[in-house]
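Content type TSV, C-alpha atoms, from the file protein_22.tsv:
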```tsv
chain	number	residue	atom	x	y	z
A	1	MET	CA	8.05	-14.95	6.92
A	2	SER	CA	6.09	-14.80	3.67
A	3	ALA	CA	7.78	-15.20	0.28
A	4	LYS	CA	7.21	-11.53	-0.54
A	5	ALA	CA	8.68	-10.37	2.78
A	6	THR	CA	11.68	-12.62	2.20
A	7	ILE	CA	12.18	-11.21	-1.32
A	8	ASN	CA	12.16	-7.67	0.06
A	9	LYS	CA	14.66	-8.60	2.76
A	10	GLU	CA	17.04	-10.64	0.57
A	11	VAL	CA	16.80	-8.95	-2.83
A	12	PHE	CA	15.98	-5.29	-2.26
A	13	VAL	CA	16.99	-4.20	1.25
A	14	PRO	CA	20.72	-5.02	0.66
A	15	HIS	CA	20.65	-2.55	-2.26
A	16	ASP	CA	18.98	0.17	-0.19
A	17	GLU	CA	15.64	-0.35	-1.92
A	18	LYS	CA	12.16	-1.11	-0.66
A	19	MET	CA	9.62	-3.27	-2.43
A	20	LEU	CA	6.33	-1.53	-3.15
A	21	ALA	CA	4.45	-4.51	-4.56
A	22	ALA	CA	4.94	-8.04	-5.84
A	23	VAL	CA	2.77	-10.56	-7.63
A	24	GLN	CA	3.46	-14.25	-8.14
A	25	VAL	CA	2.97	-15.17	-11.78
A	26	LYS	CA	3.21	-17.88	-14.40
A	27	ARG	CA	3.58	-17.42	-18.12
A	28	LYS	CA	0.50	-17.85	-20.26
A	29	THR	CA	2.63	-20.04	-22.50
A	30	LYS	CA	5.34	-21.67	-20.48
A	31	LYS	CA	8.78	-21.65	-22.04
A	32	LYS	CA	10.52	-24.99	-22.30
A	33	ILE	CA	13.75	-24.88	-20.34
A	34	PRO	CA	15.50	-28.26	-20.68
A	35	PHE	CA	18.38	-27.33	-18.45
A	36	LEU	CA	18.49	-24.81	-15.63
A	37	ALA	CA	21.51	-22.91	-14.39
A	38	THR	CA	21.12	-24.72	-11.08
A	39	GLY	CA	22.39	-27.91	-12.69
A	40	GLY	CA	19.28	-29.81	-13.67
A	41	GLN	CA	15.62	-29.74	-14.50
A	42	GLY	CA	13.10	-28.33	-12.06
A	43	ASP	CA	10.21	-26.02	-11.44
A	44	TYR	CA	10.48	-22.48	-10.19
A	45	MET	CA	8.35	-19.67	-8.83
A	46	THR	CA	8.34	-16.27	-10.52
A	47	PHE	CA	7.50	-12.92	-8.96
A	48	ILE	CA	7.16	-9.55	-10.69
A	49	CYS	CA	8.29	-6.93	-8.17
A	50	LEU	CA	8.04	-3.16	-8.04
A	51	SER	CA	10.69	-1.38	-5.99
A	52	VAL	CA	12.04	2.10	-5.30
A	53	THR	CA	15.39	3.31	-3.99
A	54	ASN	CA	15.51	4.94	-0.58
A	55	LYS	CA	17.94	7.60	-1.76
A	56	LYS	CA	16.74	10.69	-3.62
A	57	PRO	CA	16.17	11.15	-6.46
A	58	ALA	CA	14.16	7.95	-6.31
A	59	HIS	CA	14.62	5.30	-8.99
A	60	VAL	CA	11.81	2.81	-9.57
A	61	SER	CA	12.39	-0.64	-11.02
A	62	ILE	CA	10.34	-3.62	-12.15
A	63	THR	CA	12.21	-6.83	-11.44
A	64	LYS	CA	11.60	-10.46	-12.31
A	65	VAL	CA	12.61	-12.59	-9.32
A	66	LYS	CA	12.75	-16.39	-9.31
A	67	GLN	CA	13.12	-19.14	-6.75
A	68	PHE	CA	14.20	-22.48	-8.19
A	69	GLN	CA	13.03	-25.81	-6.86
A	70	GLY	CA	15.28	-27.11	-4.11
A	71	SER	CA	16.67	-23.67	-3.29
A	72	SER	CA	15.56	-21.24	-0.60
A	73	ALA	CA	17.23	-18.30	-2.33
A	74	PHE	CA	15.47	-15.70	-4.47
A	75	VAL	CA	17.45	-14.36	-7.41
A	76	LYS	CA	17.01	-11.49	-9.86
A	77	ARG	CA	16.56	-12.63	-13.45
A	78	SER	CA	15.60	-9.47	-15.33
A	79	GLN	CA	15.14	-5.83	-14.41
A	80	TRP	CA	13.75	-2.71	-16.09
A	81	THR	CA	13.45	0.88	-15.00
A	82	ILE	CA	9.89	2.16	-14.79
A	83	ASP	CA	10.72	4.56	-17.66
A	84	GLN	CA	11.15	1.53	-19.94
A	85	LEU	CA	7.58	0.39	-19.32
A	86	ARG	CA	5.42	1.20	-22.32
A	87	GLN	CA	2.12	-0.57	-21.73
A	88	VAL	CA	0.18	-2.51	-19.11
A	89	ASN	CA	-2.64	-4.58	-20.60
A	90	GLY	CA	-5.27	-5.71	-18.10
A	91	ILE	CA	-6.86	-7.99	-20.75
A	92	ASP	CA	-10.49	-7.42	-19.68
A	93	SER	CA	-11.93	-4.11	-18.51
A	94	ASN	CA	-15.33	-5.61	-17.70
A	95	LYS	CA	-14.42	-8.25	-15.13
A	96	ASP	CA	-11.67	-9.35	-12.75
A	97	SER	CA	-9.03	-11.42	-14.48
A	98	PRO	CA	-5.68	-12.79	-13.29
A	99	GLU	CA	-4.11	-12.19	-16.71
A	100	PHE	CA	-2.03	-9.16	-17.68
A	101	ASP	CA	0.68	-8.23	-20.18
A	102	LEU	CA	3.69	-5.97	-19.70
A	103	THR	CA	5.39	-4.28	-22.65
A	104	PHE	CA	8.85	-2.71	-22.24
A	105	ASP	CA	11.18	-1.05	-24.73
A	106	ASN	CA	12.96	-4.36	-25.31
A	107	ALA	CA	10.63	-7.04	-23.94
A	108	PHE	CA	7.06	-8.30	-23.92
A	109	ASP	CA	5.69	-10.75	-21.34
A	110	GLN	CA	2.26	-12.31	-20.88
A	111	TRP	CA	1.48	-13.33	-17.33
A	112	VAL	CA	-1.17	-15.05	-15.24
A	113	ALA	CA	-1.20	-14.03	-11.56
A	114	GLY	CA	-2.02	-16.43	-8.73
A	115	SER	CA	-5.43	-14.74	-8.44
A	116	ALA	CA	-7.39	-11.86	-9.94
A	117	GLY	CA	-7.11	-10.03	-6.60
A	118	GLU	CA	-3.30	-10.22	-6.61
A	119	LYS	CA	-3.16	-8.91	-10.17
A	120	CYS	CA	-5.58	-6.07	-9.38
A	121	THR	CA	-3.59	-4.95	-6.34
A	122	PHE	CA	-0.32	-5.02	-8.30
A	123	VAL	CA	-1.76	-3.05	-11.24
A	124	GLN	CA	-3.28	-0.45	-8.88
A	125	ILE	CA	0.02	0.16	-7.13
A	126	LEU	CA	1.92	0.12	-10.44
A	127	HIS	CA	-0.43	2.73	-11.90
A	128	HIS	CA	-0.16	4.94	-8.81
A	129	THR	CA	3.65	4.64	-8.89
A	130	CYS	CA	3.80	5.57	-12.59
A	131	GLN	CA	1.68	8.67	-11.94
A	132	ARG	CA	3.98	9.68	-9.11
A	133	TYR	CA	7.43	8.97	-10.54
A	134	ILE	CA	7.12	9.42	-14.32
A	135	PRO	CA	6.76	13.12	-15.22
A	136	MET	CA	6.45	12.57	-18.98
A	137	ARG	CA	5.68	9.76	-21.43
A	138	LYS	CA	3.72	7.70	-18.96
A	139	PRO	CA	2.93	4.10	-19.97
A	140	GLU	CA	-0.48	3.15	-21.32
A	141	PHE	CA	-2.87	1.20	-19.13
A	142	VAL	CA	-5.28	-0.52	-21.50
A	143	ASN	CA	-8.17	-2.94	-20.92
A	144	CYS	CA	-8.02	-2.20	-17.18
A	145	GLN	CA	-11.04	-1.80	-14.94
A	146	SER	CA	-11.64	1.82	-13.89
A	147	LYS	CA	-11.29	0.84	-10.22
A	148	LEU	CA	-7.64	-0.03	-10.90
A	149	LEU	CA	-6.80	3.41	-12.26
A	150	GLY	CA	-8.27	5.58	-9.52
A	151	GLY	CA	-11.71	6.25	-8.12
A	152	ASN	CA	-12.32	3.32	-5.80
A	153	SER	CA	-8.75	2.05	-5.69
A	154	ILE	CA	-7.39	0.46	-2.53
A	155	LEU	CA	-5.02	3.41	-2.19
A	156	HIS	CA	-7.90	5.88	-1.99
A	157	SER	CA	-9.80	3.51	0.28
A	158	ALA	CA	-6.84	3.33	2.62
A	159	ALA	CA	-6.56	7.13	2.63
A	160	ASP	CA	-10.28	7.42	3.31
A	161	SER	CA	-9.96	4.96	6.19
A	162	VAL	CA	-7.15	6.99	7.75
A	163	THR	CA	-9.12	10.22	7.32
A	164	SER	CA	-12.20	8.60	8.84
A	165	ALA	CA	-10.19	7.34	11.82
A	166	VAL	CA	-8.72	10.81	12.41
A	167	GLN	CA	-12.17	12.39	12.21
A	168	LYS	CA	-13.59	9.87	14.67
A	169	ALA	CA	-10.71	10.42	17.08
A	170	SER	CA	-11.14	14.19	16.81
A	171	GLN	CA	-14.88	13.86	17.42
A	172	ALA	CA	-14.25	11.66	20.44
A	173	LEU	CA	-11.79	14.20	21.86
A	174	ASN	CA	-14.27	17.02	21.25
A	175	GLU	CA	-17.04	15.08	22.97
A	176	ARG	CA	-14.70	14.28	25.85
A	177	GLY	CA	-13.77	17.95	26.07
A	178	GLU	CA	-17.44	18.91	26.14
A	179	ARG	CA	-18.11	16.38	28.92
A	180	LEU	CA	-15.12	17.68	30.88
A	181	GLY	CA	-16.36	21.23	30.32
A	182	ARG	CA	-19.82	20.35	31.61
A	183	ALA	CA	-18.27	18.59	34.62
A	184	GLU	CA	-16.15	21.65	35.36
A	185	GLU	CA	-19.25	23.84	35.14
A	186	ARG	CA	-21.13	21.56	37.55
A	187	THR	CA	-18.15	21.61	39.92
A	188	ALA	CA	-18.02	25.41	39.78
A	189	ASP	CA	-21.78	25.60	40.46
A	190	MET	CA	-21.41	23.26	43.42
A	191	MET	CA	-18.53	25.33	44.80
A	192	ASN	CA	-20.56	28.53	44.43
A	193	SER	CA	-23.51	26.88	46.16
A	194	ALA	CA	-21.29	25.63	48.96
A	195	GLU	CA	-19.75	29.08	49.36
A	196	GLN	CA	-23.16	30.72	49.47
A	197	PHE	CA	-24.34	28.13	51.99
A	198	ALA	CA	-21.29	28.81	54.16
A	199	VAL	CA	-21.91	32.58	54.06
A	200	THR	CA	-25.58	32.13	54.93
A	201	ALA	CA	-24.72	29.72	57.75
A	202	HIS	CA	-22.17	32.17	59.10
A	203	LYS	CA	-24.70	35.02	59.06
A	204	LEU	CA	-27.29	32.87	60.84
A	205	ALA	CA	-24.72	31.89	63.45
A	206	MET	CA	-23.77	35.52	64.09
A	207	LYS	CA	-27.46	36.50	64.34
A	208	HIS	CA	-28.08	33.68	66.80
A	209	LYS	CA	-25.24	34.92	69.00
A	210	CYS	CA	-26.67	38.42	68.99
```
Have the structure of the file written as structure tokens, please.
Amino acid sequence: MSAKATINKEVFVPHDEKMLAAVQVKRKTKKKIPFLATGGQGDYMTFICLSVTNKKPAHVSITKVKQFQGSSAFVKRSQWTIDQLRQVNGIDSNKDSPEFDLTFDNAFDQWVAGSAGEKCTFVQILHHTCQRYIPMRKPEFVNCQSKLLGGNSILHSAADSVTSAVQKASQALNERGERLGRAEERTADMMNSAEQFAVTAHKLAMKHKC
């Protein structure tokens, strides 16, 4: 099971939530932590996760989840509601970049994702989620490529793929129906021909007897 799947299972599912997206990150400037709560020094992995409650009305959260060295457990470290998000800074609107900043009412973090692709996917889903769940005072998305904020986003691409698949299936069914229709017509023609042949043969037989 992947780390992200495990986070969803261990951190969010027990609270009747589902994880919408997650990105593994490191700080641009790493904080010095001389002593960890686990009892000693060590490295850790950090994930920024986006989740939503299953119950209505839905509540969306952005959660910082960590896994400390030597432990298999994932733990929540900080959490904000999506309404507390004020700005998402994509750093460079002209090219793919793994860097992004998140500004909340009471916090500001600068992150570097594991890859530009991971960051792009997370920002796309975050933007889509904000548009869906925040009716007013939506956060700013600055220095982000246009593809992340709509247009050619993976969400639209996925929808287009589904639509295309449905259209192809419908076309295949229509073509199959046309073939079946033509086959039925040929069968009907053959039956009519056979019936006519039988009538003609019967008339010839009766004439021969006379």
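When all atoms listed in the file are used to measure the gap to A:Pro98, the shortest distance among A:Asn54, A:Thr6, A:Ser115, A:Gln84 belongs to A:Ser115.
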Worksheet entry | Nearby residues (only C-alpha atoms) at most 9 Å from A:Leu149, same-chain spacing under 3 positions excluded, as a PyMOL selection string | chain A and resi 123-124+127-128+141+144-146+152-153
Would you output that residue set with C-alpha atoms, as an mmCIF file, keeping the file's coordinate frame?
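What ended up in selection-v3.cif:
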```
data_model
loop_
_atom_site.group_PDB
_atom_site.id
_atom_site.type_symbol
_atom_site.label_atom_id
_atom_site.label_comp_id
_atom_site.auth_asym_id
_atom_site.auth_seq_id
_atom_site.Cartn_x
_atom_site.Cartn_y
_atom_site.Cartn_z
ATOM 1 C CA VAL A 123 -1.760 -3.050 -11.240
ATOM 2 C CA GLN A 124 -3.280 -0.450 -8.880
ATOM 3 C CA HIS A 127 -0.430 2.730 -11.900
ATOM 4 C CA HIS A 128 -0.160 4.940 -8.810
ATOM 5 C CA PHE A 141 -2.870 1.200 -19.130
ATOM 6 C CA CYS A 144 -8.020 -2.200 -17.180
ATOM 7 C CA GLN A 145 -11.040 -1.800 -14.940
ATOM 8 C CA SER A 146 -11.640 1.820 -13.890
ATOM 9 C CA ASN A 152 -12.320 3.320 -5.800
ATOM 10 C CA SER A 153 -8.750 2.050 -5.690
#
```
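Atom CA of A:Lys9 to atom CA of A:His59 spans 18.2 Å [interatomic distance, one decimal].
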Worksheet item: Using all atoms listed in the file, which residue out of A:Asp105, A:Asp96, A:Glu17, A:Asp83 lies closest to A:Lys147?
Response: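 Using all atoms listed in the file, A:Lys147 sits closest to A:Asp96.
The spacing separating atom CA of A:Phe12 from atom CA of A:Trp80 amounts to 14.2 Å.
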